[in-house]
Protein chains: 2
Amino acid sequence: MNFRAQICCVAIGICGLAANGATSLDTESQDPNQWVLPLGSYSAIRHSKLNQITPGNVAGLKVAWMMSTGTLRGQEGQPLIIGDMMYFESSYPNFVYAVNLDDIGRIVWKFAPEQDKFAPSVACCDVVNRGVAYADGKLFVATLDTNLYALDAKTGKTLWAARNGDPQLGQTMTSAPLVVHDKVIVGIAGGEYGVRGYLSAYDTKTGKLAWRAHSVGSDQDMLFDANKTIDGATQSPVGKDSSLKTWQGDQWKLGGGTTWGWYTYDPQLNLVYYGSGNPGTWNPNERPGDNKWSTTIFARNPDTGVAAWAYQMTPHDAWDYDGINESVLTDSVVDGKTIPTLTHFDRNGFAYVLDRRNGKLLKANKFDPSTNWAKEIDLKTGRPVLNPDKMTKEDVNVKDICPAAQGAKNHQPASYDPATKLFYVATNHICMDYQAFSVKYKSGFPYVGALLSMFPADHGNVRGRLIAFDQVSGETKWSINDMFQDYSGPLTTDSGVLFYGTLGGWFKAVDEASGKILYQFHTPSGIIGNPITYMHKGKQYVAVLTGVGGWAAIGLAEGLTKGTEGLGGVGLTASLNDWTNLGGTLVVFSLN
Amino acid sequence: MNFRAQICCVAIGICGLAANGATSLDTESQDPNQWVLPLGSYSAIRHSKLNQITPGNVAGLKVAWMMSTGTLRGQEGQPLIIGDMMYFESSYPNFVYAVNLDDIGRIVWKFAPEQDKFAPSVACCDVVNRGVAYADGKLFVATLDTNLYALDAKTGKTLWAARNGDPQLGQTMTSAPLVVHDKVIVGIAGGEYGVRGYLSAYDTKTGKLAWRAHSVGSDQDMLFDANKTIDGATQSPVGKDSSLKTWQGDQWKLGGGTTWGWYTYDPQLNLVYYGSGNPGTWNPNERPGDNKWSTTIFARNPDTGVAAWAYQMTPHDAWDYDGINESVLTDSVVDGKTIPTLTHFDRNGFAYVLDRRNGKLLKANKFDPSTNWAKEIDLKTGRPVLNPDKMTKEDVNVKDICPAAQGAKNHQPASYDPATKLFYVATNHICMDYQAFSVKYKSGFPYVGALLSMFPADHGNVRGRLIAFDQVSGETKWSINDMFQDYSGPLTTDSGVLFYGTLGGWFKAVDEASGKILYQFHTPSGIIGNPITYMHKGKQYVAVLTGVGGWAAIGLAEGLTKGTEGLGGVGLTASLNDWTNLGGTLVVFSLN
């Protein structure tokens with residue numbers, strides 16, 4: 001905890017939290033001058049108490065300084081601000097930079113990891129990265145080739161390195177790690193390569209693997225206690241072999257459930273929350289059953305890895321509805337009671353509100369109006385009420401399924417403003433045709449089993465919507481339509497100004513109250529990163545990594561030309577070439 | 001000629017010029033709202049009559065918009081502004097973009113040429129590009145792999161393509177072409193690969209080669225008239241075999257004299273001016289004689305290619321002092337007489353002033369005080385008075401030669417302000433140790449024959465100086481020291497504000513009168529491009545391509561680690577890694 005954090009802690013009276021189970025990171029993250037966790041706080045609300053930039057003056061925003069990332073591919077992360085230092089990680093080859101805010105223009109150190117050159121070829125959806133983590137003078141860096149590094153934050157020197165996977169098996173790493181207590185937690189990607197996902201925890205001091213919890217497999221592999229781990233849907237213990245019995249034969253070994261999203265943490269409950277991805281393959285006929293625990297939110301003890309509960313959102317997923325999106329931890333008033341909840345805007349188009357103590361489903365509202373694969377989520381059973389017309393099948397081209405595989409929302413994290421009690425979410429408004437086919441597994445080769453074509457919902461010209469959403473009532477207060485998918489996580493601030501970026505490269509400031517665009521600026525490239533804000537020497541800055549890519553722009557990133565290449569990403573974004581260019585740049589804004 | 005150009009032409013009374021031998025491009029280039037020629041005008045003064053941005057308000061400059069070039073390597077060019085359109089070319093793979101200034105963010109068209117993949121491996125000093133040319137609704141694009149394209153400026157469609165060389169022979173193209181009358185003129189690079197340089201002129205309508213003039217070889221190859229072509233140094237006809245008799249044996253066939261710099265034009269005299277590069281090899285012992293016409297300024301008739309005169313600056317070059325820097329066409333008062341002159345800041349550290357009618361040497365002042373390879377240029381003989389201590393020799397490591405091979409000034413074009421009558425020049429302040437060695441020619445392989453190590457002059461920490469220089473008196477009115485070489489061509493404006501960029505990525509506005517820095521901004525990457533200015537809808541903009549690279553940053557661009565790699569570029573700029581990053585971005589500034 002640095003001096004500024006101490007001041008802040010005293011000033012806003014939250015020191016008690018630290019005594020009440022919180023880590024020093026939790027306390028530091030309360031200091032709005034800094035941005036010490038990838039999502040700003042353990043609760044992931046992506047809201048800042050800073051208020052120097054207001055609806056009244058934001059039109060005067062200007063670029064304060066910039067810095068190239070040294071790479072061309074998609075930037076899905078954000079910088080951290082620790083005291084007077086900024087740290088950020090680029091897309092592959094995953095350069096990490098340390099910049100002193102008092103000495104702009106100088107790179108204090110740069111980390112350029114040696115990487116397994118095979119890794120980019122098994123990254124399904126561009127060679128993106130979602131940022132570094134920090135704790136106790138160390139930076140934790142996940143690289144595409146599945147290495148996890150601990151660096152000395154002062155010097156950039158490698159303190160230890162741990163190998164979390166193997167690109168030769170189709171495994172990659174794109175997530176921002178999360179540090180809780182003495183563990184650094186990180187997941188794995190590769191759901192399109194038959195990877196069976198897991199979450200790993202490494203000792204922050206030694207880099208030794210502390211625990212590993214698979215999403216799919218035996219109870220032991222999953223760190224499930226058959227009698228104590230709760231099934232969120234039924235509110236009963238999961239029982240023995242809760243995963244294995246939902247798969248046919250050995251298919252679970254290629255079962256997906258990767259863990260490439262965001263990780264959040266509740267210090268009071270001492271639980272880490274995260275989601276798992278699609279089951280393997282994308283052809284549902286090859287894997288009868290619920291395919292547990294793919295497309296699931298898990299709550300785990302960060303010290304032991306043991307699962308407190310698990311809630312599966314899309315049993316027997318037939319649409320690539322990964323459940324990896326962030327779980328935002330807030331209170332919600334449901335039926336007159338204030339409950340510690342978790343809100344999760346899923347790829348499948350529903351916004352889930354769970355009691356985060358036990359995974360009980362409280363609400364599941366459609367946040368993209370086009371959603372048609374399920375009529376609703378039955379709050380009693382916790383299961384979707386399916387639309388049989390939109391169930392995909394081998395060798396049938398099922399048309400006009402909404403949302404598309406890319407999701408009604410993808411990785412881009414939402415924001416929650418405690419003042420308005422609303423969620424601000426960058427969403428997609430896209431549908432798909434989906435034709436499943438039989439596929440054979442071969443290590444390190446794509447294991448997808450579906451041909452997709454994605455397009456705007458209603459075959460219109462709106463592919464993205466920024467929405468202000470009430471997670472309990474399901475009401476959308478306002479929305480802003482965008483020509484392309486919205487792939488940049490919004491940031492809200494105490495003044496009521498929201499910041500986000502568009503795939504076409506516009507950085508926008510929006511009035512939270514009205515949804516009115518107050519300021520926009522054309523950055524060098526499309527934005528799929530997440531703005532942050534910080535205070536330095538009395539001035540509020542907003543920083544964002546620009547650099548188009550990711551699945552939303554895979555056609556542009558990979559130079560694809562056919563509508564069904566890149567997991568169907570191309571047809572959707574063919575015209576994106578007319579609006580933006582590859583290129584990674586950190587852009588920092590301020591008033592005057 | 002568009003409407004705005006007409007207005008301007010009438011207003012400032014220069015329409016007579018067009019009748020007096022000028023092309024329509026010359027007339028259009030007088031319109032300060034546009035930027036129709038790579039260097040702004042045929043005379044290459046890089047001065048704009050715009051004056052909305054002043055010393056009084058420039059501190060309020062801000063970034064108006066940006067656009068990634070889609071590439072990471074060095075950007076040595078500048079955009080053109082034709083009416084409401086902006087066009088620019090990136091470093092290899094030489095993307096060309098058309099942007100409508102009324103619709104920022106949309107790419108009207110993008111040209112992505114198929115290239116010979118061998119070309120980058122024979123580009124001596126990064127895969128840079130210096131911009132496109134325009135005439136009569138066509139864009140002319142030189143690509144690294146030596147293709148010259150004519151594109152329809154409206155659609156980007158290829159109208160014709162001509163092959164100007166062959167990368168397999170070490171030939172590349174990095175220059176901005178120049179259009180004069182119905183010819184598009186372009187040179188060739190590859191002096192480090194035994195290329196014998198030439199200037200080519202293609203028919204703008206058909207792409208047919210109209211003429212080609214070698215720098216070295218037979219009179220016929222060089223388009224020399226033995227009896228009429230004047231030797232600038234002697235003011236006599238060059239005579240028969242003026243080149244061949246200055247070489248031993250067939251060495252002239254590998255004789256260098258490449259033509260990768262800037263081309264300028266005098267409509268009254270109907271002469272094109274340009275320089276030739278170093279002789280091959282860099283080992284002087286392998287080529288006794290003057291090695292004519294390497295390191296030479298040529299004046300040629302653009303319609304026929306025939307040389308009016310030639311002036312060699314560095315006979316028997318032993319330091320890689322390419323003579324390719326631009327010739328700026330102004331009047332100068334010499335001995336009380338106003339003379340149409342050409343001012344040329346040479347790599348070798350001397351600023352040459354020639355009578356541009358006949359190549360007669362009028363002045364040659366040191367513009368970098370460290371220059372020590374020659375005591376002076378004898379105005380009577382036109383030849384340098386050598387310092388024997390600094391003559392390089394095979395197998396001897398000659399120390400502390402100034403300037404270094406990179407030159408006291410490299411490609412970055414100078415600016416001349418008619419009001420102050422001063423030249424504003426981005427210069428280098430660097431020296432070298434040079435060890436020549438014997439080398440054998442092999443087609444497509446480096447043919448250098450010297451190991452270099454470059455370092456700041458006086459072994460200090462100043463590697464670049466922006467200077468305000470009187471070309472006649474040789475007086476430096478003021479200078480601004482920079483930590484790295486200054487590799488961005490300054491732009492002056494009628495308000496007395498000068499713009500340039502630094503290798504560390506700072507874009508600066510300077511008071512021409514005092515040399516005081518009035519504004520600076522940290523762009524995403526180091527600047528080796530040349531700012532331009534234009535007016536759109538009543539507002540003055542300044543645009544610059546940022547993106548570090550070129551020889552000055554070859555260590556960074558190629559990831560080199562040894563001080564003698566990259567033609568000695570590394571030792572000089574090792575610490576540049578601590579200050580900037582690869583990345584190409586167009587940055588456009590304006591007031592409010």
# chains A, B, ... in the order shown; residues from 1 in each chain; ligands from 1
$ interface_residues --of "chain A" --to "chain B" --cutoff "7 Å" --atoms "only C-alpha atoms" --output "PyMOL selection string"
chain A and resi 62-63+65-70+105-108+521-525+578-579+581-583+585
$ write_last_selection --atoms "N, CA, C and O atoms" --output "JSON list (two decimals), in the first residue's frame"
[["chain", "number", "residue", "atom", "x", "y", "z"],
["A", 62, "LYS", "N", -8.58, 16.43, -24.65],
["A", 62, "LYS", "CA", -7.61, 16.31, -25.75],
["A", 62, "LYS", "C", -6.59, 15.24, -25.44],
["A", 62, "LYS", "O", -6.47, 14.78, -24.30],
["A", 63, "VAL", "N", -5.90, 14.83, -26.49],
["A", 63, "VAL", "CA", -4.89, 13.80, -26.30],
["A", 63, "VAL", "C", -3.70, 14.42, -25.57],
["A", 63, "VAL", "O", -3.16, 15.43, -26.01],
["A", 65, "TRP", "N", -0.86, 12.45, -24.41],
["A", 65, "TRP", "CA", 0.34, 11.81, -24.97],
["A", 65, "TRP", "C", -0.03, 10.44, -25.48],
["A", 65, "TRP", "O", -1.11, 9.93, -25.19],
["A", 66, "MET", "N", 0.89, 9.86, -26.23],
["A", 66, "MET", "CA", 0.64, 8.56, -26.85],
["A", 66, "MET", "C", 1.91, 7.74, -26.85],
["A", 66, "MET", "O", 3.00, 8.26, -26.70],
["A", 67, "MET", "N", 1.72, 6.46, -27.10],
["A", 67, "MET", "CA", 2.87, 5.56, -27.20],
["A", 67, "MET", "C", 2.45, 4.35, -28.01],
["A", 67, "MET", "O", 1.39, 3.77, -27.77],
["A", 68, "SER", "N", 3.25, 3.99, -28.97],
["A", 68, "SER", "CA", 2.98, 2.79, -29.75],
["A", 68, "SER", "C", 3.22, 1.55, -28.89],
["A", 68, "SER", "O", 4.12, 1.54, -28.05],
["A", 69, "THR", "N", 2.43, 0.50, -29.13],
["A", 69, "THR", "CA", 2.67, -0.76, -28.42],
["A", 69, "THR", "C", 3.77, -1.56, -29.10],
["A", 69, "THR", "O", 4.22, -2.57, -28.56],
["A", 70, "GLY", "N", 4.17, -1.13, -30.30],
["A", 70, "GLY", "CA", 5.19, -1.89, -31.04],
["A", 70, "GLY", "C", 4.64, -3.13, -31.74],
["A", 70, "GLY", "O", 5.41, -3.94, -32.26],
["A", 105, "GLY", "N", 7.56, 9.60, -22.33],
["A", 105, "GLY", "CA", 8.44, 9.47, -23.48],
["A", 105, "GLY", "C", 9.58, 8.51, -23.22],
["A", 105, "GLY", "O", 10.18, 7.99, -24.14],
["A", 106, "ARG", "N", 9.88, 8.29, -21.96],
["A", 106, "ARG", "CA", 10.96, 7.36, -21.64],
["A", 106, "ARG", "C", 10.36, 6.02, -21.23],
["A", 106, "ARG", "O", 9.39, 5.98, -20.48],
["A", 107, "ILE", "N", 10.92, 4.96, -21.75],
["A", 107, "ILE", "CA", 10.48, 3.61, -21.36],
["A", 107, "ILE", "C", 11.41, 3.16, -20.24],
["A", 107, "ILE", "O", 12.60, 2.96, -20.46],
["A", 108, "VAL", "N", 10.86, 3.04, -19.05],
["A", 108, "VAL", "CA", 11.70, 2.70, -17.90],
["A", 108, "VAL", "C", 12.27, 1.29, -18.11],
["A", 108, "VAL", "O", 13.45, 1.05, -17.91],
["A", 521, "PHE", "N", -13.53, 11.19, -30.61],
["A", 521, "PHE", "CA", -12.21, 11.45, -31.17],
["A", 521, "PHE", "C", -11.77, 10.24, -31.97],
["A", 521, "PHE", "O", -11.92, 9.11, -31.52],
["A", 522, "HIS", "N", -11.21, 10.47, -33.14],
["A", 522, "HIS", "CA", -10.80, 9.36, -34.01],
["A", 522, "HIS", "C", -9.36, 8.95, -33.71],
["A", 522, "HIS", "O", -8.42, 9.63, -34.09],
["A", 523, "THR", "N", -9.22, 7.82, -33.03],
["A", 523, "THR", "CA", -7.89, 7.30, -32.67],
["A", 523, "THR", "C", -7.28, 6.55, -33.86],
["A", 523, "THR", "O", -7.96, 6.32, -34.86],
["A", 524, "PRO", "N", -6.01, 6.14, -33.75],
["A", 524, "PRO", "CA", -5.35, 5.53, -34.91],
["A", 524, "PRO", "C", -5.99, 4.24, -35.40],
["A", 524, "PRO", "O", -5.89, 3.92, -36.58],
["A", 525, "SER", "N", -6.63, 3.48, -34.53],
["A", 525, "SER", "CA", -7.12, 2.17, -34.94],
["A", 525, "SER", "C", -8.34, 1.80, -34.11],
["A", 525, "SER", "O", -8.66, 2.44, -33.11],
["A", 578, "ASP", "N", -12.81, -0.79, -44.52],
["A", 578, "ASP", "CA", -13.02, 0.57, -45.05],
["A", 578, "ASP", "C", -12.97, 1.62, -43.95],
["A", 578, "ASP", "O", -13.07, 2.82, -44.23],
["A", 579, "TRP", "N", -12.85, 1.17, -42.70],
["A", 579, "TRP", "CA", -12.99, 2.12, -41.60],
["A", 579, "TRP", "C", -11.81, 2.17, -40.65],
["A", 579, "TRP", "O", -11.67, 3.12, -39.90],
["A", 581, "ASN", "N", -7.67, 0.33, -39.47],
["A", 581, "ASN", "CA", -6.40, -0.26, -39.84],
["A", 581, "ASN", "C", -5.78, -0.92, -38.63],
["A", 581, "ASN", "O", -5.94, -0.43, -37.53],
["A", 582, "LEU", "N", -5.01, -1.96, -38.83],
["A", 582, "LEU", "CA", -4.25, -2.53, -37.73],
["A", 582, "LEU", "C", -3.24, -1.52, -37.19],
["A", 582, "LEU", "O", -2.70, -0.72, -37.95],
["A", 583, "GLY", "N", -2.97, -1.59, -35.89],
["A", 583, "GLY", "CA", -1.96, -0.70, -35.31],
["A", 583, "GLY", "C", -2.22, -0.49, -33.83],
["A", 583, "GLY", "O", -3.34, -0.16, -33.46],
["A", 585, "THR", "N", -1.72, 1.46, -30.33],
["A", 585, "THR", "CA", -1.30, 2.73, -29.73],
["A", 585, "THR", "C", -2.01, 2.95, -28.40],
["A", 585, "THR", "O", -3.23, 2.86, -28.33]]
$ residues_around --residues "Glu565 (chain B)" --least-positions-apart "6" --cutoff "10 Å" --atoms "only C-alpha atoms" --output "VMD selection string"
chain B and resid 451 to 453 554 to 555 558 571
$ residues_around --residues "region 81-97 of chain A" --least-positions-apart "3" --cutoff "7 Å" --atoms "only C-alpha atoms" --output "number ranges by chain"
A: 34-36, 69, 71, 73-75, 78, 100-102, 107, 109-112, 127-129, 131-132, 143-144
$ select_by_dssp --residues "region 126-239 of chain A" --states "strand (DSSP E or B)" --output "ChimeraX atom specification"
/A:126,133-135,138-142,147-152,158-163,172,178-180,183-186,189,198-203,209-214,230-231,236-237
$ residues_around --residues "Val238 (chain A)" --least-positions-apart "4" --cutoff "6 Å" --atoms "only C-alpha atoms" --output "list in words"
Ala226, Thr229, Ile230, Asp231 and Ser242 of chain A
$ atom_distance --atom1 "CA of Trp551 (chain B)" --atom2 "CA of Thr564 (chain B)"
12.7 Å
$ closest_atom_pairs --of "region 520-573 of chain A" --to "region 472-487 of chain A" --cutoff "10 Å" --atoms "only C-alpha atoms" --output "CSV"
residue,atom,partner,partner_atom,distance
A:Gly526,CA,A:Tyr487,CA,9.3
A:Ile527,CA,A:Tyr487,CA,7.1
A:Ile528,CA,A:Tyr487,CA,4.8
A:Gly529,CA,A:Tyr487,CA,7.4
A:Asn530,CA,A:Tyr487,CA,8.7
A:Val548,CA,A:Tyr487,CA,9.5
A:Gly549,CA,A:Tyr487,CA,9.7
A:Gly550,CA,A:Tyr487,CA,8.8
A:Trp551,CA,A:Tyr487,CA,9.6
A:Ala552,CA,A:Gln485,CA,6.9
A:Ala553,CA,A:Gln485,CA,9.3
A:Leu572,CA,A:Phe484,CA,8.6
A:Thr573,CA,A:Phe484,CA,7.4
$ residues_around --residues "Tyr424 (chain B)" --least-positions-apart "5" --cutoff "10 Å" --atoms "only C-alpha atoms" --output "ChimeraX atom specification"
/B:45-46,413-417,466-470,476-479,489-492,498,512
$ residues_around --residues "Thr381 (chain A)" --least-positions-apart "5" --cutoff "10 Å" --atoms "only C-alpha atoms" --output "number ranges by chain"
A: 232-235, 361
$ write_last_selection --atoms "all heavy atoms" --output "compact mmCIF listing (two decimals), in the first residue's frame"
# COMPACT_ATOMS: atom_id res chain seq x y z
N GLY A 232 -25.68 -24.35 -8.71
CA GLY A 232 -26.45 -23.12 -8.60
C GLY A 232 -27.89 -23.30 -9.06
O GLY A 232 -28.82 -22.71 -8.49
N ALA A 233 -28.09 -24.09 -10.10
CA ALA A 233 -29.44 -24.25 -10.67
C ALA A 233 -30.38 -24.95 -9.71
O ALA A 233 -31.54 -24.58 -9.58
CB ALA A 233 -29.34 -25.02 -11.99
N THR A 234 -29.86 -25.98 -9.04
CA THR A 234 -30.74 -26.78 -8.17
C THR A 234 -30.60 -26.41 -6.70
O THR A 234 -31.43 -26.80 -5.88
CB THR A 234 -30.39 -28.27 -8.31
OG1 THR A 234 -29.04 -28.46 -7.84
CG2 THR A 234 -30.51 -28.73 -9.76
N GLN A 235 -29.54 -25.71 -6.38
CA GLN A 235 -29.22 -25.35 -4.99
C GLN A 235 -28.97 -26.59 -4.11
O GLN A 235 -29.08 -26.53 -2.89
CB GLN A 235 -30.32 -24.47 -4.39
CG GLN A 235 -30.27 -23.04 -4.94
CD GLN A 235 -28.95 -22.34 -4.59
OE1 GLN A 235 -28.62 -22.14 -3.44
NE2 GLN A 235 -28.18 -22.00 -5.61
N LEU A 361 -29.92 -18.68 -8.95
CA LEU A 361 -30.35 -17.78 -10.03
C LEU A 361 -31.48 -16.90 -9.55
O LEU A 361 -32.53 -17.38 -9.09
CB LEU A 361 -30.81 -18.60 -11.25
CG LEU A 361 -31.31 -17.78 -12.44
CD1 LEU A 361 -30.20 -16.92 -13.03
CD2 LEU A 361 -31.90 -18.69 -13.52
$ residues_around --residues "region 272-276 of chain B" --least-positions-apart "4" --cutoff "7 Å" --atoms "only C-alpha atoms" --output "mmCIF file with C-alpha atoms, in the first residue's frame"
data_model
loop_
_atom_site.group_PDB
_atom_site.id
_atom_site.type_symbol
_atom_site.label_atom_id
_atom_site.label_comp_id
_atom_site.auth_asym_id
_atom_site.auth_seq_id
_atom_site.Cartn_x
_atom_site.Cartn_y
_atom_site.Cartn_z
ATOM 1 C CA SER B 215 24.836 8.053 -62.891
ATOM 2 C CA GLY B 257 25.549 6.411 -57.680
ATOM 3 C CA THR B 258 22.018 5.390 -56.785
ATOM 4 C CA THR B 259 19.236 7.929 -56.910
ATOM 5 C CA GLY B 261 16.639 10.892 -52.731
ATOM 6 C CA TRP B 262 14.410 13.805 -53.674
ATOM 7 C CA TYR B 263 13.837 15.338 -57.098
ATOM 8 C CA THR B 264 13.189 19.046 -57.678
ATOM 9 C CA TYR B 265 12.372 21.070 -60.764
ATOM 10 C CA ASP B 266 12.784 24.558 -62.161
ATOM 11 C CA SER B 294 28.759 9.213 -57.868
ATOM 12 C CA THR B 295 27.964 11.760 -55.085
ATOM 13 C CA THR B 296 26.922 14.217 -57.750
ATOM 14 C CA ILE B 297 24.119 16.717 -58.323
ATOM 15 C CA PHE B 298 22.673 16.405 -61.819
ATOM 16 C CA ALA B 299 20.569 18.887 -63.774
ATOM 17 C CA ARG B 300 18.597 17.186 -66.542
ATOM 18 C CA ASN B 301 15.989 18.086 -69.092
ATOM 19 C CA PRO B 302 12.863 16.258 -67.873
ATOM 20 C CA ASP B 322 25.771 9.865 -50.656
ATOM 21 C CA GLY B 323 24.874 13.055 -52.513
ATOM 22 C CA ILE B 324 21.161 12.267 -52.721
ATOM 23 C CA ASN B 325 19.877 15.030 -50.455
ATOM 24 C CA GLU B 326 17.415 17.472 -51.967
ATOM 25 C CA SER B 327 18.397 20.531 -53.984
#
$ atom_distance --atom1 "CA of Val99 (chain A)" --atom2 "CA of Lys508 (chain B)"
21.3 Å
$ select_by_dssp --residues "region 217-298 of chain A" --states "alpha helix (DSSP H)" --output "ChimeraX atom specification"
/A:219-222
$ closest_residue --among "A:Asn410, A:Thr172, A:Ser121, A:Thr343" --to "Tyr321 (chain A)" --atoms "only C-alpha atoms"
A:Asn410
